[in-house]
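Chemist: Just dropping this structure here.
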Amino acid sequence: MSANYSTPPRWAFVTGASAGIGAAFARELAARGCNLVLTARRTDRLEALAAELMERHATRCECVAADLTDPAAPTALCEEIARRGVAIDILINNAGYGLPGHFTRPAWQAHADFIQVMMTAPCELVYKLLPGMQQRGFGRVANIASLAGHIPGSAGHTLYGASKAFLIKFSQSLALENTSTGVNVCAVCPGFTYSEFHDVTGTRGVVSKMPNWMWQSAADVAREGLDATDRGEIVRVTGRVNRGIKRLFKLLPDRLALRLIRGQAKNFRNQEG
Ligand SMILES: NC(=O)c1ccc[n+]([C@@H]2O[C@H](COP(=O)([O-])OP(=O)(O)OC[C@H]3O[C@@H](n4cnc5c(N)ncnc54)[C@H](OP(=O)(O)O)[C@@H]3O)[C@@H](O)[C@H]2O)c1
């Protein structure tokens, strides 16, 4: 049975809640009785989602716009949450995107922004929100990583798999540090998921050739990810197909795994330099 977050009342903070997997986490948390703080850059989207959740589940929702490429954003977000009198029990570090092409093609600032959103901001949000969870003896942190963090890196989107592998290792260490604090930490690792991700990264044309059975809905990822975090799983690859792919790559010698990725990556990456 799924956890109920209404008694005692819990507050969750979801980054990247304006679309896709983040919006699905917000809907799933609200259905489980949780109050929400939602953040992303598109305020109109956040407010529409907040209105929907307040109407459907009588959820209390706060929206705080932020651009996570701004190194000041995590501090500003935490200060604004505190100013509104909210203590966060559940953190969903979800905001993210891909940066297509070869490593030296974009200006360095694009990589610096990517590292800020994908690694620095999630770590800083945990750093700032974890002590409160530990003091209250209850917390949930779900870092949305990816199957890409478990398989070899491919040409193109050079830092993407690396950033997700980083989140997986970070989550493992953090989970083990918190075994007796009441705080569960989980790296939630989806594979191909229906969302706006591939439109934003410009890979929709490439990935639309992948068969339907390789895809999950954002709602399924959120449900499975939340259940796993509640159960105390430390790494959750969502979906049976994705778990099969992860297992296959673990069995292969590195040389063969790299060869397989080199052959397959044209199906899911824009590889032009
Ligand atoms: N879809 C997949 O196949 C897939 C697979 C594995 C892992 N993931 C991971 O799942 C997470 C969510 O992706 P998604 O598939 O739901 O993509 P999505 O539909 O494009 O949603 C991405 C979310 O991140 C937010 N975001 C992006 N850049 C931001 C920034 N600079 N500042 C603040 N918020 C920002 C977006 O909000 P605004 O644009 O409004 O700011 C949006 O809410 C990502 O970490 C992604 O790497 C996705």
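Simple scheme: letters A, B, ... for chains in structure tokens order, numbers from 1 for residues in each chain, numbers from 1 for ligands in the order shown.
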Range 66-269 of chain A: which residues are strand (DSSP E) by DSSP, as a list in words?
Modeler: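 Filtering range 66-269 of chain A to strand (DSSP E) leaves Ile90, Leu91, Ile92, Asn93, Gly139, Arg140, Val141, Ala142, Asn143, Ile144, Val183, Asn184, Val185, Cys186, Ala187, Val188, Cys189, Thr193, Tyr194, Gln216, Ser217, Val235, Arg236 and Val237 of chain A.
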Chemist: 6 Å from ligand 1 is the threshold here; counting only C-alpha atoms and all ligand atoms, which polymer residues fall inside it? Answer as a PyMOL selection string.
Modeler: chain A and resi 16-22+40-42+66-69+94-97+144-146+190-197+200
Chemist: Produce a file of the selected residues containing N, CA and C atoms, as a PDB file, in the first residue's frame.
Modeler:
```pdb
ATOM      1  N   GLY A  16      11.453  21.334 -11.064  1.00  0.00           N
ATOM      2  CA  GLY A  16      11.042  20.933 -12.414  1.00  0.00           C
ATOM      3  C   GLY A  16       9.626  20.420 -12.425  1.00  0.00           C
ATOM      4  N   ALA A  17       8.742  21.128 -11.680  1.00  0.00           N
ATOM      5  CA  ALA A  17       7.360  20.640 -11.531  1.00  0.00           C
ATOM      6  C   ALA A  17       6.446  21.145 -12.645  1.00  0.00           C
ATOM      7  N   SER A  18       6.995  21.936 -13.586  1.00  0.00           N
ATOM      8  CA  SER A  18       6.116  22.522 -14.608  1.00  0.00           C
ATOM      9  C   SER A  18       5.818  21.557 -15.751  1.00  0.00           C
ATOM     10  N   ALA A  19       6.434  20.383 -15.777  1.00  0.00           N
ATOM     11  CA  ALA A  19       6.247  19.460 -16.908  1.00  0.00           C
ATOM     12  C   ALA A  19       6.638  18.046 -16.501  1.00  0.00           C
ATOM     13  N   GLY A  20       6.312  17.104 -17.362  1.00  0.00           N
ATOM     14  CA  GLY A  20       6.835  15.742 -17.334  1.00  0.00           C
ATOM     15  C   GLY A  20       6.847  15.028 -15.992  1.00  0.00           C
ATOM     16  N   ILE A  21       8.006  14.498 -15.655  1.00  0.00           N
ATOM     17  CA  ILE A  21       8.147  13.639 -14.473  1.00  0.00           C
ATOM     18  C   ILE A  21       7.919  14.444 -13.189  1.00  0.00           C
ATOM     19  N   GLY A  22       8.375  15.702 -13.149  1.00  0.00           N
ATOM     20  CA  GLY A  22       8.171  16.542 -11.958  1.00  0.00           C
ATOM     21  C   GLY A  22       6.693  16.792 -11.698  1.00  0.00           C
ATOM     22  N   ALA A  40      10.028  25.854 -10.836  1.00  0.00           N
ATOM     23  CA  ALA A  40      10.506  25.737 -12.218  1.00  0.00           C
ATOM     24  C   ALA A  40      10.586  27.178 -12.711  1.00  0.00           C
ATOM     25  N   ARG A  41      10.916  27.369 -14.006  1.00  0.00           N
ATOM     26  CA  ARG A  41      10.947  28.749 -14.508  1.00  0.00           C
ATOM     27  C   ARG A  41       9.566  29.209 -14.967  1.00  0.00           C
ATOM     28  N   ARG A  42       8.741  28.287 -15.499  1.00  0.00           N
ATOM     29  CA  ARG A  42       7.449  28.696 -16.098  1.00  0.00           C
ATOM     30  C   ARG A  42       6.354  28.778 -15.023  1.00  0.00           C
ATOM     31  N   ALA A  66      11.992  29.822 -10.157  1.00  0.00           N
ATOM     32  CA  ALA A  66      13.460  29.930 -10.045  1.00  0.00           C
ATOM     33  C   ALA A  66      14.105  29.330 -11.281  1.00  0.00           C
ATOM     34  N   ASP A  67      15.237  29.926 -11.665  1.00  0.00           N
ATOM     35  CA  ASP A  67      16.064  29.363 -12.729  1.00  0.00           C
ATOM     36  C   ASP A  67      17.272  28.729 -12.045  1.00  0.00           C
ATOM     37  N   LEU A  68      17.352  27.415 -12.090  1.00  0.00           N
ATOM     38  CA  LEU A  68      18.407  26.706 -11.341  1.00  0.00           C
ATOM     39  C   LEU A  68      19.788  26.860 -11.973  1.00  0.00           C
ATOM     40  N   THR A  69      19.892  27.504 -13.135  1.00  0.00           N
ATOM     41  CA  THR A  69      21.244  27.814 -13.640  1.00  0.00           C
ATOM     42  C   THR A  69      21.879  28.918 -12.788  1.00  0.00           C
ATOM     43  N   ASN A  94      14.336  16.946  -9.315  1.00  0.00           N
ATOM     44  CA  ASN A  94      13.952  16.388 -10.604  1.00  0.00           C
ATOM     45  C   ASN A  94      14.344  17.239 -11.808  1.00  0.00           C
ATOM     46  N   ALA A  95      14.440  18.575 -11.641  1.00  0.00           N
ATOM     47  CA  ALA A  95      14.646  19.456 -12.800  1.00  0.00           C
ATOM     48  C   ALA A  95      15.844  18.984 -13.616  1.00  0.00           C
ATOM     49  N   GLY A  96      15.709  18.992 -14.928  1.00  0.00           N
ATOM     50  CA  GLY A  96      16.838  18.567 -15.748  1.00  0.00           C
ATOM     51  C   GLY A  96      16.544  18.658 -17.226  1.00  0.00           C
ATOM     52  N   TYR A  97      17.602  18.501 -18.016  1.00  0.00           N
ATOM     53  CA  TYR A  97      17.501  18.569 -19.474  1.00  0.00           C
ATOM     54  C   TYR A  97      18.760  17.945 -20.064  1.00  0.00           C
ATOM     55  N   ILE A 144      16.254  12.385  -9.099  1.00  0.00           N
ATOM     56  CA  ILE A 144      15.867  11.760 -10.373  1.00  0.00           C
ATOM     57  C   ILE A 144      17.107  11.661 -11.261  1.00  0.00           C
ATOM     58  N   ALA A 145      17.645  10.460 -11.313  1.00  0.00           N
ATOM     59  CA  ALA A 145      18.844  10.183 -12.113  1.00  0.00           C
ATOM     60  C   ALA A 145      18.365   9.606 -13.449  1.00  0.00           C
ATOM     61  N   SER A 146      18.931   8.505 -13.896  1.00  0.00           N
ATOM     62  CA  SER A 146      18.537   7.942 -15.199  1.00  0.00           C
ATOM     63  C   SER A 146      19.200   6.582 -15.388  1.00  0.00           C
ATOM     64  N   PRO A 190      14.825   6.486 -14.345  1.00  0.00           N
ATOM     65  CA  PRO A 190      13.934   6.106 -15.444  1.00  0.00           C
ATOM     66  C   PRO A 190      14.731   5.866 -16.724  1.00  0.00           C
ATOM     67  N   GLY A 191      14.121   5.144 -17.653  1.00  0.00           N
ATOM     68  CA  GLY A 191      14.625   5.085 -19.027  1.00  0.00           C
ATOM     69  C   GLY A 191      13.765   6.034 -19.848  1.00  0.00           C
ATOM     70  N   PHE A 192      13.489   5.653 -21.106  1.00  0.00           N
ATOM     71  CA  PHE A 192      12.680   6.541 -21.954  1.00  0.00           C
ATOM     72  C   PHE A 192      11.309   6.778 -21.323  1.00  0.00           C
ATOM     73  N   THR A 193      10.976   8.061 -21.117  1.00  0.00           N
ATOM     74  CA  THR A 193       9.738   8.431 -20.430  1.00  0.00           C
ATOM     75  C   THR A 193       9.036   9.512 -21.240  1.00  0.00           C
ATOM     76  N   TYR A 194       7.723   9.361 -21.441  1.00  0.00           N
ATOM     77  CA  TYR A 194       6.974  10.387 -22.168  1.00  0.00           C
ATOM     78  C   TYR A 194       6.941  11.664 -21.345  1.00  0.00           C
ATOM     79  N   SER A 195       7.498  12.743 -21.904  1.00  0.00           N
ATOM     80  CA  SER A 195       7.547  14.051 -21.232  1.00  0.00           C
ATOM     81  C   SER A 195       7.959  15.052 -22.306  1.00  0.00           C
ATOM     82  N   GLU A 196       8.367  16.250 -21.900  1.00  0.00           N
ATOM     83  CA  GLU A 196       8.818  17.238 -22.894  1.00  0.00           C
ATOM     84  C   GLU A 196      10.332  17.177 -23.108  1.00  0.00           C
ATOM     85  N   PHE A 197      10.999  16.264 -22.378  1.00  0.00           N
ATOM     86  CA  PHE A 197      12.460  16.188 -22.371  1.00  0.00           C
ATOM     87  C   PHE A 197      13.060  16.154 -23.786  1.00  0.00           C
ATOM     88  N   VAL A 200      12.645  19.392 -25.752  1.00  0.00           N
ATOM     89  CA  VAL A 200      13.567  20.442 -25.293  1.00  0.00           C
ATOM     90  C   VAL A 200      14.974  20.188 -25.840  1.00  0.00           C
TER      91      VAL A 200
END
```
Chemist: Sorted by chain and rising residue number, list the residues of range 17-76 of chain A at most 9 Å from range 207-227 of chain A (counting only C-alpha atoms), each with its closest atom pair and distance in Å to one decimal, as CSV.
Modeler:
```
residue,atom,partner,partner_atom,distance
A:Gly20,CA,A:Ala218,CA,6.0
A:Ile21,CA,A:Ala218,CA,4.8
A:Gly22,CA,A:Ala222,CA,8.0
A:Ala23,CA,A:Ala218,CA,8.4
A:Ala24,CA,A:Ala219,CA,5.1
A:Phe25,CA,A:Ala222,CA,4.9
A:Ala26,CA,A:Ala222,CA,8.6
A:Arg27,CA,A:Ala219,CA,8.3
A:Glu28,CA,A:Arg223,CA,6.5
A:Leu29,CA,A:Leu226,CA,8.2
```
Chemist: For each of A:Cys189, A:Leu147, A:Leu38, A:Leu167, take the minimum atom-to-atom distance to Arg60 in chain A, counting only C-alpha atoms, then give the residue where this is smallest.
Modeler: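 Checking each of A:Cys189, A:Leu147, A:Leu38, A:Leu167 against Arg60 in chain A, counting only C-alpha atoms, the winner is A:Leu38.
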Chemist: Could you write out, as a PyMOL selection string, all the residues of range 65-193 of chain A that DSSP marks as alpha helix (DSSP H)?
Modeler: chain A and resi 73-83+108-115+121-136+160-177
Chemist: Neighbouring residues of Pro74 in chain A were defined as those with any atom within 7 Å, considering only C-alpha atoms; residues of the same chain fewer than 4 positions away were excluded. Please report them as an MDAnalysis selection string.
Modeler: chainID A and resid 78 121 124:125
Chemist: Of the candidates A:Gly153, A:Gly182, A:Gly161, A:Gly239, which shows the shortest atom-to-atom distance to Ile261 in chain A, using only C-alpha atoms?
Modeler: A:Gly153
Chemist: Could you state the separation of CA of Ser6 in chain A and CA of Ala73 in chain A in Å, given to one decimal place?
Modeler: 28.8 Å
Chemist: Determine, counting only C-alpha atoms, which protein, DNA and RNA residues have an atom within 12 Å of an atom of Ile115 in chain A; residues of the same chain fewer than 2 positions away are not included. Present the result as number ranges by chain.
Modeler: A: 68-71, 96-99, 108-113, 117-123, 158-164, 166-167
Chemist: Please save C-alpha atoms of the selected residues as a PDB file, in the first residue's frame.
Modeler:
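Resulting contents of part-v5.pdb:
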```
ATOM      1  CA  LEU A  68      18.407  26.706 -11.341  1.00  0.00           C
ATOM      2  CA  THR A  69      21.244  27.814 -13.640  1.00  0.00           C
ATOM      3  CA  ASP A  70      21.568  30.734 -11.198  1.00  0.00           C
ATOM      4  CA  PRO A  71      24.024  29.647  -8.467  1.00  0.00           C
ATOM      5  CA  GLY A  96      16.838  18.567 -15.748  1.00  0.00           C
ATOM      6  CA  TYR A  97      17.501  18.569 -19.474  1.00  0.00           C
ATOM      7  CA  GLY A  98      20.015  17.336 -22.036  1.00  0.00           C
ATOM      8  CA  LEU A  99      22.649  19.239 -23.976  1.00  0.00           C
ATOM      9  CA  TRP A 108      31.591  26.597 -21.905  1.00  0.00           C
ATOM     10  CA  GLN A 109      28.834  28.583 -20.146  1.00  0.00           C
ATOM     11  CA  ALA A 110      26.269  26.053 -21.433  1.00  0.00           C
ATOM     12  CA  HIS A 111      28.211  23.250 -19.698  1.00  0.00           C
ATOM     13  CA  ALA A 112      28.642  25.346 -16.539  1.00  0.00           C
ATOM     14  CA  ASP A 113      24.858  25.936 -16.469  1.00  0.00           C
ATOM     15  CA  VAL A 117      21.268  22.461 -12.712  1.00  0.00           C
ATOM     16  CA  MET A 118      22.068  18.733 -12.843  1.00  0.00           C
ATOM     17  CA  MET A 119      24.565  18.370  -9.982  1.00  0.00           C
ATOM     18  CA  THR A 120      25.320  21.472  -7.899  1.00  0.00           C
ATOM     19  CA  ALA A 121      21.730  22.609  -7.296  1.00  0.00           C
ATOM     20  CA  PRO A 122      20.437  19.138  -6.260  1.00  0.00           C
ATOM     21  CA  CYS A 123      23.374  18.713  -3.837  1.00  0.00           C
ATOM     22  CA  THR A 158      28.664  14.229 -23.201  1.00  0.00           C
ATOM     23  CA  LEU A 159      27.950  15.266 -19.617  1.00  0.00           C
ATOM     24  CA  TYR A 160      24.448  13.767 -19.350  1.00  0.00           C
ATOM     25  CA  GLY A 161      25.318  10.182 -18.349  1.00  0.00           C
ATOM     26  CA  ALA A 162      28.154  11.483 -16.149  1.00  0.00           C
ATOM     27  CA  SER A 163      25.785  13.808 -14.274  1.00  0.00           C
ATOM     28  CA  LYS A 164      23.331  10.953 -13.681  1.00  0.00           C
ATOM     29  CA  PHE A 166      27.123  11.322 -10.092  1.00  0.00           C
ATOM     30  CA  LEU A 167      23.560  11.539  -8.708  1.00  0.00           C
TER      31      LEU A 167
END
```
Chemist: Name the residues in contact with Gly232 in chain A at a cut-off of 9 Å, using only C-alpha atoms, excluding same-chain residues fewer than 6 positions from it; report them as a list in words.
Modeler: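 Close residues of Gly232 in chain A: Ala175, Val183, Asn184, Val185 and Cys186 of chain A.
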Chemist: Can you pull out the residues contacting Glu52 in chain A? Cut-off 12 Å, using only C-alpha atoms, and skip same-chain residues under 4 positions away; I want them as a short mmCIF file (atom, residue, chain, number, x, y, z; two decimals) with all heavy atoms, in the first residue's frame.
Modeler:
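Result written to result_5.cif:
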```cif
data_model
loop_
_atom_site.label_atom_id
_atom_site.label_comp_id
_atom_site.auth_asym_id
_atom_site.auth_seq_id
_atom_site.Cartn_x
_atom_site.Cartn_y
_atom_site.Cartn_z
N ALA A 23 5.95 17.13 -12.76
CA ALA A 23 4.50 17.34 -12.61
C ALA A 23 3.83 16.04 -12.15
O ALA A 23 2.91 16.06 -11.32
CB ALA A 23 3.90 17.84 -13.91
N ALA A 26 4.38 15.60 -8.52
CA ALA A 26 3.51 16.50 -7.77
C ALA A 26 2.09 15.91 -7.69
O ALA A 26 1.47 15.91 -6.62
CB ALA A 26 3.49 17.87 -8.44
N ARG A 27 1.59 15.39 -8.81
CA ARG A 27 0.23 14.80 -8.82
C ARG A 27 0.17 13.59 -7.90
O ARG A 27 -0.79 13.41 -7.14
CB ARG A 27 -0.17 14.39 -10.24
CG ARG A 27 -0.43 15.58 -11.15
CD ARG A 27 -1.13 15.19 -12.45
NE ARG A 27 -1.47 16.38 -13.20
CZ ARG A 27 -0.69 16.93 -14.16
NH1 ARG A 27 0.43 16.34 -14.53
NH2 ARG A 27 -1.07 18.05 -14.77
N ALA A 30 0.32 14.70 -4.22
CA ALA A 30 -0.96 15.32 -3.82
C ALA A 30 -2.02 14.25 -3.60
O ALA A 30 -2.80 14.31 -2.64
CB ALA A 30 -1.40 16.32 -4.88
N ALA A 31 -2.02 13.24 -4.46
CA ALA A 31 -3.01 12.15 -4.32
C ALA A 31 -2.78 11.39 -3.01
O ALA A 31 -3.70 10.78 -2.47
CB ALA A 31 -2.91 11.20 -5.51
N ARG A 45 2.67 27.59 -15.76
CA ARG A 45 2.49 26.14 -15.66
C ARG A 45 2.36 25.70 -14.20
O ARG A 45 1.54 24.85 -13.86
CB ARG A 45 3.69 25.41 -16.26
CG ARG A 45 3.90 25.59 -17.74
CD ARG A 45 3.01 24.62 -18.49
NE ARG A 45 3.52 24.40 -19.83
CZ ARG A 45 4.18 23.31 -20.22
NH1 ARG A 45 4.43 22.35 -19.38
NH2 ARG A 45 4.59 23.17 -21.46
N LEU A 46 3.22 26.28 -13.34
CA LEU A 46 3.19 25.90 -11.92
C LEU A 46 1.84 26.26 -11.31
O LEU A 46 1.23 25.47 -10.57
CB LEU A 46 4.30 26.60 -11.14
CG LEU A 46 5.75 26.26 -11.49
CD1 LEU A 46 6.71 27.05 -10.62
CD2 LEU A 46 6.01 24.76 -11.33
N GLU A 47 1.37 27.47 -11.66
CA GLU A 47 0.12 27.93 -11.05
C GLU A 47 -1.07 27.10 -11.54
O GLU A 47 -1.98 26.79 -10.77
CB GLU A 47 -0.08 29.42 -11.29
CG GLU A 47 0.74 30.21 -10.25
CD GLU A 47 0.98 31.67 -10.59
OE1 GLU A 47 0.43 32.15 -11.60
OE2 GLU A 47 1.74 32.31 -9.84
N ALA A 48 -1.04 26.71 -12.82
CA ALA A 48 -2.13 25.88 -13.35
C ALA A 48 -2.14 24.52 -12.62
O ALA A 48 -3.20 23.99 -12.25
CB ALA A 48 -1.96 25.68 -14.85
N ARG A 56 -8.54 19.25 -6.86
CA ARG A 56 -8.79 17.80 -6.85
C ARG A 56 -8.52 17.15 -5.49
O ARG A 56 -9.21 16.22 -5.10
CB ARG A 56 -7.90 17.15 -7.93
CG ARG A 56 -8.25 15.69 -8.18
CD ARG A 56 -7.49 15.10 -9.34
NE ARG A 56 -7.81 15.74 -10.61
CZ ARG A 56 -7.15 15.52 -11.74
NH1 ARG A 56 -6.13 14.70 -11.74
NH2 ARG A 56 -7.51 16.12 -12.84
N HIS A 57 -7.50 17.62 -4.78
CA HIS A 57 -7.10 16.92 -3.55
C HIS A 57 -7.11 17.82 -2.30
O HIS A 57 -6.62 17.40 -1.26
CB HIS A 57 -5.67 16.36 -3.71
CG HIS A 57 -5.51 15.44 -4.88
ND1 HIS A 57 -6.07 14.18 -4.93
CD2 HIS A 57 -4.87 15.61 -6.07
CE1 HIS A 57 -5.74 13.60 -6.09
NE2 HIS A 57 -5.02 14.45 -6.80
N ALA A 58 -7.57 19.06 -2.44
CA ALA A 58 -7.54 20.03 -1.34
C ALA A 58 -6.11 20.20 -0.79
O ALA A 58 -5.90 20.41 0.41
CB ALA A 58 -8.51 19.64 -0.23
N THR A 59 -5.13 20.06 -1.71
CA THR A 59 -3.72 20.18 -1.33
C THR A 59 -3.35 21.64 -1.13
O THR A 59 -3.80 22.49 -1.89
CB THR A 59 -2.84 19.64 -2.48
OG1 THR A 59 -3.28 18.33 -2.81
CG2 THR A 59 -1.38 19.62 -2.12
N ARG A 60 -2.52 21.94 -0.13
CA ARG A 60 -1.95 23.28 -0.04
C ARG A 60 -0.74 23.34 -0.97
O ARG A 60 0.13 22.46 -0.91
CB ARG A 60 -1.54 23.60 1.40
CG ARG A 60 -2.74 23.75 2.32
CD ARG A 60 -2.32 23.94 3.76
NE ARG A 60 -1.55 25.17 3.95
CZ ARG A 60 -0.85 25.43 5.06
NH1 ARG A 60 -0.78 24.56 6.04
NH2 ARG A 60 -0.19 26.57 5.16
N CYS A 61 -0.71 24.34 -1.84
CA CYS A 61 0.36 24.44 -2.84
C CYS A 61 0.98 25.82 -2.82
O CYS A 61 0.27 26.82 -2.84
CB CYS A 61 -0.18 24.21 -4.25
SG CYS A 61 -0.22 22.53 -4.76
#
```
Chemist: If we count only C-alpha atoms and set the cut-off at 9 Å, which residues sit around Gln135 in chain A, ignoring sequence neighbours fewer than 4 positions away in its own chain? Please answer as a ChimeraX atom specification.
Modeler: /A:130-131,181
Chemist: Go ahead and write the selection's residues with C-alpha atoms as a PDB file, in the first residue's frame.
Modeler:
```pdb
ATOM      1  CA  LEU A 130      18.391  17.560   5.104  1.00  0.00           C
ATOM      2  CA  PRO A 131      19.229  18.887   8.603  1.00  0.00           C
ATOM      3  CA  THR A 181      17.867   9.221  10.897  1.00  0.00           C
TER       4      THR A 181
END
```
Chemist: State, in Å with one decimal place, the distance from CA of Val237 in chain A to CA of Leu174 in chain A.
Modeler: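 The value is 17.8 Å.
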Chemist: What is the CA of Ala50 in chain A to CA of Leu36 in chain A distance in Å?
Modeler: 8.4 Å
